[in-house]
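Participant: File follows, input.pdb with PDB, C-alpha atoms and all ligand atoms:
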```pdb
ATOM      1  CA  MET H   1      -8.144  -0.542 -21.870  1.00  0.00           C
ATOM      2  CA  THR H   2      -8.664  -3.204 -19.234  1.00  0.00           C
ATOM      3  CA  ALA H   3     -10.213  -2.328 -15.872  1.00  0.00           C
ATOM      4  CA  ARG H   4      -6.824  -2.670 -14.211  1.00  0.00           C
ATOM      5  CA  GLU H   5      -5.252  -0.244 -16.701  1.00  0.00           C
ATOM      6  CA  ARG H   6      -8.068   2.250 -16.148  1.00  0.00           C
ATOM      7  CA  VAL H   7      -7.690   2.025 -12.383  1.00  0.00           C
ATOM      8  CA  ALA H   8      -3.904   2.399 -12.667  1.00  0.00           C
ATOM      9  CA  ALA H   9      -4.211   5.396 -15.007  1.00  0.00           C
ATOM     10  CA  PHE H  10      -6.711   7.078 -12.702  1.00  0.00           C
ATOM     11  CA  LEU H  11      -4.583   6.607  -9.589  1.00  0.00           C
ATOM     12  CA  LEU H  12      -1.460   7.852 -11.364  1.00  0.00           C
ATOM     13  CA  ALA H  13      -3.323  10.939 -12.536  1.00  0.00           C
ATOM     14  CA  HIS H  14      -4.568  11.580  -8.963  1.00  0.00           C
ATOM     15  CA  GLN H  15      -1.559  10.682  -6.847  1.00  0.00           C
ATOM     16  CA  THR H  16      -2.743  12.487  -3.742  1.00  0.00           C
ATOM     17  CA  ARG H  17      -6.010  10.563  -3.586  1.00  0.00           C
ATOM     18  CA  ARG H  18      -6.600   7.308  -1.742  1.00  0.00           C
ATOM     19  CA  LEU H  19      -9.817   5.663  -2.794  1.00  0.00           C
ATOM     20  CA  CYS H  20     -11.867   2.733  -1.551  1.00  0.00           C
ATOM     21  CA  ASP H  21     -13.025   0.217  -4.138  1.00  0.00           C
ATOM     22  CA  GLU H  22     -16.528   1.699  -4.341  1.00  0.00           C
ATOM     23  CA  CYS H  23     -15.328   5.254  -5.009  1.00  0.00           C
ATOM     24  CA  LEU H  24     -12.693   3.952  -7.405  1.00  0.00           C
ATOM     25  CA  ALA H  25     -15.439   2.130  -9.315  1.00  0.00           C
ATOM     26  CA  ARG H  26     -17.541   5.290  -9.521  1.00  0.00           C
ATOM     27  CA  GLU H  27     -14.614   7.485 -10.615  1.00  0.00           C
ATOM     28  CA  VAL H  28     -13.367   5.059 -13.235  1.00  0.00           C
ATOM     29  CA  GLY H  29     -16.839   4.072 -14.414  1.00  0.00           C
ATOM     30  CA  ILE H  30     -16.696   0.315 -13.756  1.00  0.00           C
ATOM     31  CA  ASP H  31     -18.681  -1.881 -11.398  1.00  0.00           C
ATOM     32  CA  PRO H  32     -17.484  -2.306  -7.790  1.00  0.00           C
ATOM     33  CA  SER H  33     -16.570  -6.006  -8.056  1.00  0.00           C
ATOM     34  CA  THR H  34     -14.458  -5.264 -11.135  1.00  0.00           C
ATOM     35  CA  ALA H  35     -12.851  -2.324  -9.332  1.00  0.00           C
ATOM     36  CA  TYR H  36     -12.029  -4.559  -6.375  1.00  0.00           C
ATOM     37  CA  ARG H  37     -10.278  -7.122  -8.582  1.00  0.00           C
ATOM     38  CA  ALA H  38      -8.481  -4.399 -10.550  1.00  0.00           C
ATOM     39  CA  ALA H  39      -7.295  -2.718  -7.342  1.00  0.00           C
ATOM     40  CA  VAL H  40      -6.007  -6.014  -5.907  1.00  0.00           C
ATOM     41  CA  LYS H  41      -4.076  -6.668  -9.126  1.00  0.00           C
ATOM     42  CA  ALA H  42      -2.692  -3.140  -9.159  1.00  0.00           C
ATOM     43  CA  GLY H  43      -1.615  -3.545  -5.535  1.00  0.00           C
ATOM     44  CA  ARG H  44       0.218  -6.789  -6.317  1.00  0.00           C
ATOM     45  CA  SER H  45       1.892  -5.463  -9.442  1.00  0.00           C
ATOM     46  CA  GLY H  46       3.841  -2.781  -7.581  1.00  0.00           C
ATOM     47  CA  GLY H  47       3.557   0.949  -7.950  1.00  0.00           C
ATOM     48  CA  PHE H  48       0.333   0.969  -5.943  1.00  0.00           C
ATOM     49  CA  ILE H  49      -0.410   0.541  -2.271  1.00  0.00           C
ATOM     50  CA  ARG H  50      -3.462  -1.120  -0.775  1.00  0.00           C
ATOM     51  CA  GLU H  51      -3.925  -0.426   2.910  1.00  0.00           C
ATOM     52  CA  TYR H  52      -6.484   0.528   5.528  1.00  0.00           C
ATOM     53  CA  GLY H  53      -7.024   4.256   5.551  1.00  0.00           C
ATOM     54  CA  VAL H  54      -9.548   7.031   5.071  1.00  0.00           C
ATOM     55  CA  CYS H  55     -11.017   7.255   1.581  1.00  0.00           C
ATOM     56  CA  SER H  56     -10.485  10.674  -0.052  1.00  0.00           C
ATOM     57  CA  ASP H  57     -13.994  10.639  -1.511  1.00  0.00           C
ATOM     58  CA  CYS H  58     -16.434   9.110   0.974  1.00  0.00           C
ATOM     59  CA  GLY H  59     -14.378   9.673   4.126  1.00  0.00           C
ATOM     60  CA  GLU H  60     -14.960   6.114   5.331  1.00  0.00           C
ATOM     61  CA  SER H  61     -12.137   4.206   6.996  1.00  0.00           C
ATOM     62  CA  ARG H  62     -11.667   1.152   4.825  1.00  0.00           C
ATOM     63  CA  LEU H  63      -9.276  -0.562   2.431  1.00  0.00           C
ATOM     64  CA  VAL H  64      -8.036   2.108   0.025  1.00  0.00           C
ATOM     65  CA  THR H  65      -5.704   2.056  -2.984  1.00  0.00           C
ATOM     66  CA  CYS H  66      -3.281   4.787  -3.965  1.00  0.00           C
ATOM     67  CA  ALA H  67      -0.244   5.262  -6.189  1.00  0.00           C
ATOM     68  CA  SER H  68       3.033   4.811  -4.326  1.00  0.00           C
ATOM     69  CA  ARG H  69       5.581   7.585  -4.661  1.00  0.00           C
TER      70      ARG H  69
HETATM   71 ZN    ZN Q 101     -14.763   5.835  -0.744  1.00  0.00          ZN
END
```
Translate this file's structure into structure tokens.
Ligand SMILES: [Zn+2]

Facilitator:
Amino acid sequence: MTARERVAAFLLAHQTRRLCDECLAREVGIDPSTAYRAAVKAGRSGGFIREYGVCSDCGESRLVTCASR
């Protein structure tokens, strides 16, 4: 699976969670720069939203990615 597919699969399996790139990287098991690129691609491909919000894991207000419903 590519990093983008792993990020997409994780977000779809956890639809209520909105994660920043760092937490996404930790959850998916990839490095943060890869997670950033994967999240940007997921956001552009549709089905996912990238916006400023509070991360479900670290509680920081930053750019987060989540599955759109
Ligand atoms: Zn976070």

Participant: Which chains and residue numbers are within 6 Å of ligand ZN 101 (chain Q), counting all atoms listed in the file, if I want them as number ranges by chain?

Facilitator: H: 19-20, 22-23, 55, 57-58

Participant: Work out how far apart CA of Gln15 (chain H) and CA of Thr2 (chain H) are and give it in Å to one decimal.

Facilitator: 19.9 Å

Participant: Take CA of Glu60 (chain H) and CA of Glu5 (chain H) and report the distance between them in Å, one decimal.

Facilitator: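 Atom-to-atom, CA of Glu60 (chain H) to CA of Glu5 (chain H), that is 24.9 Å.
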
Participant: Compare H:Ile49, H:Ala13, H:Ala8, H:Val54 by their minimum atom-to-atom distance to Ala35 (chain H), counting all atoms listed in the file, and give me the closest one.

Facilitator: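 Using all atoms listed in the file, the shortest distance to Ala35 (chain H) belongs to H:Ala8.
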
Participant: Record the distance separating CA of Val64 (chain H) and CA of Arg18 (chain H), expressed in Å with one decimal.

Facilitator: 5.7 Å

Participant: I'd like to see the residues matched by the PyMOL selection byres (((chain H and resi 52) around 6) and not hetatm) on this file, and ideally I'd get them as a VMD selection string.

Facilitator: chain H and resid 51 53 62 to 64

Participant: Could you tell me which residues the PyMOL selection byres (((chain H and resi 7) around 12) and not hetatm) grabs in this file, written as a VMD selection string?

Facilitator: chain H and resid 1 to 6 8 to 15 18 to 32 34 to 43 48 65 to 67
